[in-house]
Amino acid sequence: MVITLLTRKSGIEPTTSGFALFMTLLLALLFFAGVYLGAAKADISPYTGAEVARNIAVLHIEDEGVRVELEIYPVDAQAFSAVIPEDMRLGLKEIVNSGPQVDLKGPGGISLARSDGSLLSPRFINADRRSRVNRASPFAGITDPITGTVVPGPPESPDVIYLELFYDFEGIRPDELVLRSFFSGTGVGPEVGFILFDRTVPVSRFSFLTGDARFKIDWHDPWFTAFSNVNLNRVAKDGTSAFLYVAPREIRHEILIRVRDLAPWLGQSFRTGETLDETRRNLLLDASLKTIRVQNPVTIDGKHAAPSSVRGSFLVLSETGFQIVEDARPITADTAFLGLIFSYPIQSIPQRTSVTWDMFGGTIKNVPMTLTDAAGPFLDWATPDAAKVTWTNHLKTYKEPHVTPVQTEGLLFLRASSIAAALVAALAFGSAIWFKKTTARFALVCLGASALVIGIFLRDAQGVAFVIQTDRRLADQSLARALPELLANIYVAALEIAPETRSAALQPIVTSASLQDLTTELETNLAIRVAGGERAMVSSVKEVSLETGRVSANGAYIGLVSWSVYAEAGHWGHNHRRQIEYRAQVEIVPEDGEWKLAAMTVLEARPPDV
């Protein structure tokens, strides 16, 4: 059984089969891309296939030269034999000689040259046999739904010849270099995938080296080092980005800003290569939250809004994208980002929400802003001339999620007070038969009628109630349907921002005696969070199973239950997806015509196959 919690529609209806096909392909592309980003937790280096090329070159610009790390597929060793040490070549003689004979024009199949064409001379540092670094997509081998091609994977053998070379600047730092391949254009050389770092900053995405690749070096700030061919540069080009999420019960304004871009606003500056230890990071984070809290004002339906919470994390940029720093290791200011989150609780989706960006100057010129709602992300820009960016509600079929009671079937609920009134009425009417005096009969009939009226009025009153199964089969079916619906409702209640509103949202599906305990269980064991602390929104509850347990005479169920949920959360431009499997001890009771949770203790919560 699958319970879908939220229907995401933009109100756009396809009118032709061609449009429907286009939308299908577009949604498939967005899903595939979203899965990639969620799996990689990054948007810096989408998979190109070059990251699993048979031969890999990783280049690092350093102060005195360029360090090159080569991973050579053994059958291609002959093409790189000029830079393989003699003793290693002897040990690899059969492999080297078995490879294709390539007419090399220079060492190693690649070279680095200055802008005037003069070559940098390589110096051998290290060589050994090792396993290839695993850079493959988690979906290697799966067919791309758009292109119909299979997502590439690494070569069958994980063994590589690892070489480390150093191209010395010999005291003269270049402002521009050219990376060359001696295989390009020949049609006989092996494939080479490469990526370039300037100090610790990734300059490029993984690409195939098919010709000359020219790049300019910014010695002051490696973030601005770039290839002249823009297709080789990394995807994350902006040092400052903003994101506006319009979600049920909450609007979030999130900022991803480079520490060196933020420094002038904090009255600080950073040197190239400067490291930040944990103590300094904590001071920077506190200062940033205080400073930016009063910047970039947000309005909701024309009214100024103040954030209910402000939090942040440090992130670093690597070849696989942005990674949250969760340990005490030092990081460099060149690759350090601050991710800031400003939360604004709402009761319902507004009609308009605006952000006015006012942090321009220095390296912050234009700020890309992604606006995300149930219909999808939309890109806009904040500029000095147009600093205000507005989201407008165009959701035509959107419905606010809310907790709904789960009705029982096949059960009759009788209050003890109503039963007592019925007994009094029966006794009064029965006694009236034995009295001959009219006045006595009249009094007893009045008493019985009054008891019946009181019983009717007391049928919904609080107090002890008796549950009678009028239809066992219908009651069992009702119980089987109730559990998935109750679980789905729990995750709707989890959308509430404040603990007190979450507790109030649970009232229709939880007994009053258990409300506090179930609220605590929701806070501690049922809430799903992604990196950075953001709450994930559950989109569906699946595979609900009553493993063991018993049904009491009044229809209540006590036993073990298992289920799976799919959840997602948008966060600093990334779409994180998670699947969690649960097992819990659960008690469900019928109460006043509705099924309610009387107890829940989560015993296990884990990703599948763990």
# chains A, B, ... in the order shown; residues from 1 in each chain; ligands from 1
>>> closest_atom_pairs(of="range 325-423 of chain A", to="range 571-585 of chain A", cutoff="12 Å", atoms="only C-alpha atoms", output="JSON lines")
{"residue": "A:Phe337", "atom": "CA", "partner": "A:Trp572", "partner_atom": "CA", "distance": 11.3}
{"residue": "A:Leu338", "atom": "CA", "partner": "A:Trp572", "partner_atom": "CA", "distance": 10.4}
{"residue": "A:Gly339", "atom": "CA", "partner": "A:Trp572", "partner_atom": "CA", "distance": 7.2}
{"residue": "A:Leu340", "atom": "CA", "partner": "A:Trp572", "partner_atom": "CA", "distance": 8.6}
{"residue": "A:Ile341", "atom": "CA", "partner": "A:Trp572", "partner_atom": "CA", "distance": 8.6}
{"residue": "A:Phe342", "atom": "CA", "partner": "A:Trp572", "partner_atom": "CA", "distance": 11.6}
{"residue": "A:Pro368", "atom": "CA", "partner": "A:Gly573", "partner_atom": "CA", "distance": 11.0}
{"residue": "A:Met369", "atom": "CA", "partner": "A:Gly573", "partner_atom": "CA", "distance": 9.6}
{"residue": "A:Thr370", "atom": "CA", "partner": "A:Gly573", "partner_atom": "CA", "distance": 7.4}
{"residue": "A:Leu371", "atom": "CA", "partner": "A:Gly573", "partner_atom": "CA", "distance": 9.6}
{"residue": "A:Thr372", "atom": "CA", "partner": "A:Gly573", "partner_atom": "CA", "distance": 9.1}
{"residue": "A:Gly376", "atom": "CA", "partner": "A:Asn575", "partner_atom": "CA", "distance": 11.0}
{"residue": "A:Pro377", "atom": "CA", "partner": "A:Gly573", "partner_atom": "CA", "distance": 9.1}
{"residue": "A:Phe378", "atom": "CA", "partner": "A:Gly573", "partner_atom": "CA", "distance": 11.1}
{"residue": "A:Leu379", "atom": "CA", "partner": "A:Gly573", "partner_atom": "CA", "distance": 10.8}
>>> residues_around(residues="Asn229 in chain A", least_positions_apart="4", cutoff="12 Å", atoms="only C-alpha atoms", output="PyMOL selection string")
chain A and resi 178+203-205+207+211-216+233-234
>>> select_by_dssp(residues="range 280-342 of chain A", states="strand (DSSP E)", output="list in words")
Val298, Thr299, Ile300, Lys303, His304, Ala305, Ser309, Val310, Arg311, Gly312, Ser313, Phe314, Leu315, Val316, Leu317, Ser318, Gly321, Phe322, Gln323, Ile324, Ile331, Thr332, Ala336, Phe337, Leu338, Gly339, Leu340, Ile341 and Phe342 of chain A
>>> atom_distance(atom1="CA of Pro152 in chain A", atom2="CA of Leu70 in chain A")
20.2 Å
>>> residues_around(residues="range 59-69 of chain A", least_positions_apart="6", cutoff="10 Å", atoms="only C-alpha atoms", output="PyMOL selection string")
chain A and resi 112+120+122-127+162-174+179+194-203+217+219+222
>>> decode(residues="range 478-593 of chain A", atoms="C-alpha atoms", output="PDB file, in the first residue's frame")
ATOM      1  CA  SER A 478     -10.827  -0.897   8.627  1.00  0.00           C
ATOM      2  CA  LEU A 479      -7.875  -1.617  10.933  1.00  0.00           C
ATOM      3  CA  ALA A 480      -5.672  -2.671   7.996  1.00  0.00           C
ATOM      4  CA  ARG A 481      -6.432   0.610   6.216  1.00  0.00           C
ATOM      5  CA  ALA A 482      -6.049   2.684   9.363  1.00  0.00           C
ATOM      6  CA  LEU A 483      -2.361   2.065  10.031  1.00  0.00           C
ATOM      7  CA  PRO A 484      -0.968   3.444   6.729  1.00  0.00           C
ATOM      8  CA  GLU A 485      -3.275   6.453   7.022  1.00  0.00           C
ATOM      9  CA  LEU A 486      -2.193   7.128  10.600  1.00  0.00           C
ATOM     10  CA  LEU A 487       1.478   6.918   9.605  1.00  0.00           C
ATOM     11  CA  ALA A 488       0.909   9.265   6.667  1.00  0.00           C
ATOM     12  CA  ASN A 489      -0.799  11.724   9.006  1.00  0.00           C
ATOM     13  CA  ILE A 490       2.144  11.618  11.400  1.00  0.00           C
ATOM     14  CA  TYR A 491       4.458  12.865   8.660  1.00  0.00           C
ATOM     15  CA  VAL A 492       1.995  15.609   7.752  1.00  0.00           C
ATOM     16  CA  ALA A 493       2.133  16.739  11.382  1.00  0.00           C
ATOM     17  CA  ALA A 494       5.935  16.688  11.112  1.00  0.00           C
ATOM     18  CA  LEU A 495       5.702  19.575   8.631  1.00  0.00           C
ATOM     19  CA  GLU A 496       4.849  21.925  11.492  1.00  0.00           C
ATOM     20  CA  ILE A 497       7.811  24.077  12.471  1.00  0.00           C
ATOM     21  CA  ALA A 498       7.275  24.552  16.217  1.00  0.00           C
ATOM     22  CA  PRO A 499       6.931  21.649  18.714  1.00  0.00           C
ATOM     23  CA  GLU A 500       3.674  23.044  20.089  1.00  0.00           C
ATOM     24  CA  THR A 501       2.073  23.220  16.645  1.00  0.00           C
ATOM     25  CA  ARG A 502       3.256  19.697  15.866  1.00  0.00           C
ATOM     26  CA  SER A 503       1.604  18.521  19.084  1.00  0.00           C
ATOM     27  CA  ALA A 504      -1.643  20.280  18.165  1.00  0.00           C
ATOM     28  CA  ALA A 505      -1.563  18.757  14.678  1.00  0.00           C
ATOM     29  CA  LEU A 506      -1.311  15.253  16.169  1.00  0.00           C
ATOM     30  CA  GLN A 507      -4.459  15.585  18.296  1.00  0.00           C
ATOM     31  CA  PRO A 508      -6.926  14.176  15.703  1.00  0.00           C
ATOM     32  CA  ILE A 509      -4.947  10.926  15.406  1.00  0.00           C
ATOM     33  CA  VAL A 510      -3.476  10.427  18.897  1.00  0.00           C
ATOM     34  CA  THR A 511      -5.210   9.690  22.198  1.00  0.00           C
ATOM     35  CA  SER A 512      -5.060  12.575  24.656  1.00  0.00           C
ATOM     36  CA  ALA A 513      -3.239  10.430  27.214  1.00  0.00           C
ATOM     37  CA  SER A 514      -0.465   9.614  24.710  1.00  0.00           C
ATOM     38  CA  LEU A 515      -0.119  12.992  22.991  1.00  0.00           C
ATOM     39  CA  GLN A 516       3.051  14.059  24.794  1.00  0.00           C
ATOM     40  CA  ASP A 517       4.780  10.717  24.276  1.00  0.00           C
ATOM     41  CA  LEU A 518       3.890  10.585  20.573  1.00  0.00           C
ATOM     42  CA  THR A 519       5.053  14.185  20.093  1.00  0.00           C
ATOM     43  CA  THR A 520       8.404  13.265  21.634  1.00  0.00           C
ATOM     44  CA  GLU A 521       8.665  10.156  19.433  1.00  0.00           C
ATOM     45  CA  LEU A 522       8.005  12.292  16.361  1.00  0.00           C
ATOM     46  CA  GLU A 523      10.698  14.774  17.388  1.00  0.00           C
ATOM     47  CA  THR A 524      13.362  12.198  18.209  1.00  0.00           C
ATOM     48  CA  ASN A 525      12.887   9.052  16.139  1.00  0.00           C
ATOM     49  CA  LEU A 526      10.542   9.801  13.249  1.00  0.00           C
ATOM     50  CA  ALA A 527      11.947  13.116  12.028  1.00  0.00           C
ATOM     51  CA  ILE A 528      14.184  12.723   8.963  1.00  0.00           C
ATOM     52  CA  ARG A 529      16.991  15.211   8.471  1.00  0.00           C
ATOM     53  CA  VAL A 530      19.576  15.712   5.758  1.00  0.00           C
ATOM     54  CA  ALA A 531      23.095  17.132   5.870  1.00  0.00           C
ATOM     55  CA  GLY A 532      22.971  20.628   7.339  1.00  0.00           C
ATOM     56  CA  GLY A 533      20.084  19.819   9.677  1.00  0.00           C
ATOM     57  CA  GLU A 534      17.193  20.523   7.297  1.00  0.00           C
ATOM     58  CA  ARG A 535      14.026  18.477   7.857  1.00  0.00           C
ATOM     59  CA  ALA A 536      13.124  16.229   4.938  1.00  0.00           C
ATOM     60  CA  MET A 537       9.527  16.113   3.742  1.00  0.00           C
ATOM     61  CA  VAL A 538       8.072  12.609   3.400  1.00  0.00           C
ATOM     62  CA  SER A 539       6.435  12.163   0.004  1.00  0.00           C
ATOM     63  CA  SER A 540       5.074   8.635   0.485  1.00  0.00           C
ATOM     64  CA  VAL A 541       4.634   5.835   3.009  1.00  0.00           C
ATOM     65  CA  LYS A 542       5.000   2.352   1.527  1.00  0.00           C
ATOM     66  CA  GLU A 543       5.142  -1.343   2.395  1.00  0.00           C
ATOM     67  CA  VAL A 544       3.226  -1.075   5.654  1.00  0.00           C
ATOM     68  CA  SER A 545       3.131  -4.486   7.310  1.00  0.00           C
ATOM     69  CA  LEU A 546       1.642  -5.749  10.582  1.00  0.00           C
ATOM     70  CA  GLU A 547       4.375  -8.243  11.472  1.00  0.00           C
ATOM     71  CA  THR A 548       3.145  -9.689  14.758  1.00  0.00           C
ATOM     72  CA  GLY A 549       0.474  -8.692  17.208  1.00  0.00           C
ATOM     73  CA  ARG A 550      -3.048  -9.259  18.370  1.00  0.00           C
ATOM     74  CA  VAL A 551      -6.445  -7.625  18.046  1.00  0.00           C
ATOM     75  CA  SER A 552      -8.390  -7.304  21.305  1.00  0.00           C
ATOM     76  CA  ALA A 553     -12.107  -7.827  21.700  1.00  0.00           C
ATOM     77  CA  ASN A 554     -12.777  -4.096  21.328  1.00  0.00           C
ATOM     78  CA  GLY A 555     -10.836  -3.943  18.047  1.00  0.00           C
ATOM     79  CA  ALA A 556      -7.577  -2.422  19.378  1.00  0.00           C
ATOM     80  CA  TYR A 557      -4.282  -3.608  17.880  1.00  0.00           C
ATOM     81  CA  ILE A 558      -0.986  -4.050  19.719  1.00  0.00           C
ATOM     82  CA  GLY A 559       2.069  -5.390  17.892  1.00  0.00           C
ATOM     83  CA  LEU A 560       5.070  -4.884  15.628  1.00  0.00           C
ATOM     84  CA  VAL A 561       4.702  -2.820  12.477  1.00  0.00           C
ATOM     85  CA  SER A 562       7.187  -2.144   9.670  1.00  0.00           C
ATOM     86  CA  TRP A 563       7.040   0.447   6.890  1.00  0.00           C
ATOM     87  CA  SER A 564       9.201   2.458   4.477  1.00  0.00           C
ATOM     88  CA  VAL A 565       9.162   6.165   3.713  1.00  0.00           C
ATOM     89  CA  TYR A 566      10.584   8.234   0.875  1.00  0.00           C
ATOM     90  CA  ALA A 567      11.652  11.743   1.830  1.00  0.00           C
ATOM     91  CA  GLU A 568      13.316  14.697   0.143  1.00  0.00           C
ATOM     92  CA  ALA A 569      14.625  18.106   1.080  1.00  0.00           C
ATOM     93  CA  GLY A 570      15.882  21.012  -0.978  1.00  0.00           C
ATOM     94  CA  HIS A 571      18.995  22.465   0.557  1.00  0.00           C
ATOM     95  CA  TRP A 572      21.412  25.095  -0.822  1.00  0.00           C
ATOM     96  CA  GLY A 573      20.320  24.162  -4.324  1.00  0.00           C
ATOM     97  CA  HIS A 574      20.652  20.397  -3.844  1.00  0.00           C
ATOM     98  CA  ASN A 575      17.751  17.967  -3.852  1.00  0.00           C
ATOM     99  CA  HIS A 576      18.477  15.320  -1.222  1.00  0.00           C
ATOM    100  CA  ARG A 577      16.460  12.097  -1.346  1.00  0.00           C
ATOM    101  CA  ARG A 578      16.349   9.458   1.361  1.00  0.00           C
ATOM    102  CA  GLN A 579      14.586   6.175   1.952  1.00  0.00           C
ATOM    103  CA  ILE A 580      14.181   4.929   5.524  1.00  0.00           C
ATOM    104  CA  GLU A 581      12.805   1.603   6.763  1.00  0.00           C
ATOM    105  CA  TYR A 582      11.149   1.523  10.197  1.00  0.00           C
ATOM    106  CA  ARG A 583      10.088  -1.111  12.726  1.00  0.00           C
ATOM    107  CA  ALA A 584       8.071  -0.059  15.736  1.00  0.00           C
ATOM    108  CA  GLN A 585       5.900  -1.367  18.575  1.00  0.00           C
ATOM    109  CA  VAL A 586       2.498   0.229  17.988  1.00  0.00           C
ATOM    110  CA  GLU A 587      -0.858   0.352  19.775  1.00  0.00           C
ATOM    111  CA  ILE A 588      -3.922   1.510  17.824  1.00  0.00           C
ATOM    112  CA  VAL A 589      -7.282   1.926  19.511  1.00  0.00           C
ATOM    113  CA  PRO A 590     -10.774   2.815  18.265  1.00  0.00           C
ATOM    114  CA  GLU A 591     -12.091   5.931  19.978  1.00  0.00           C
ATOM    115  CA  ASP A 592     -15.401   7.653  19.247  1.00  0.00           C
ATOM    116  CA  GLY A 593     -15.603   6.337  15.697  1.00  0.00           C
TER     117      GLY A 593
END
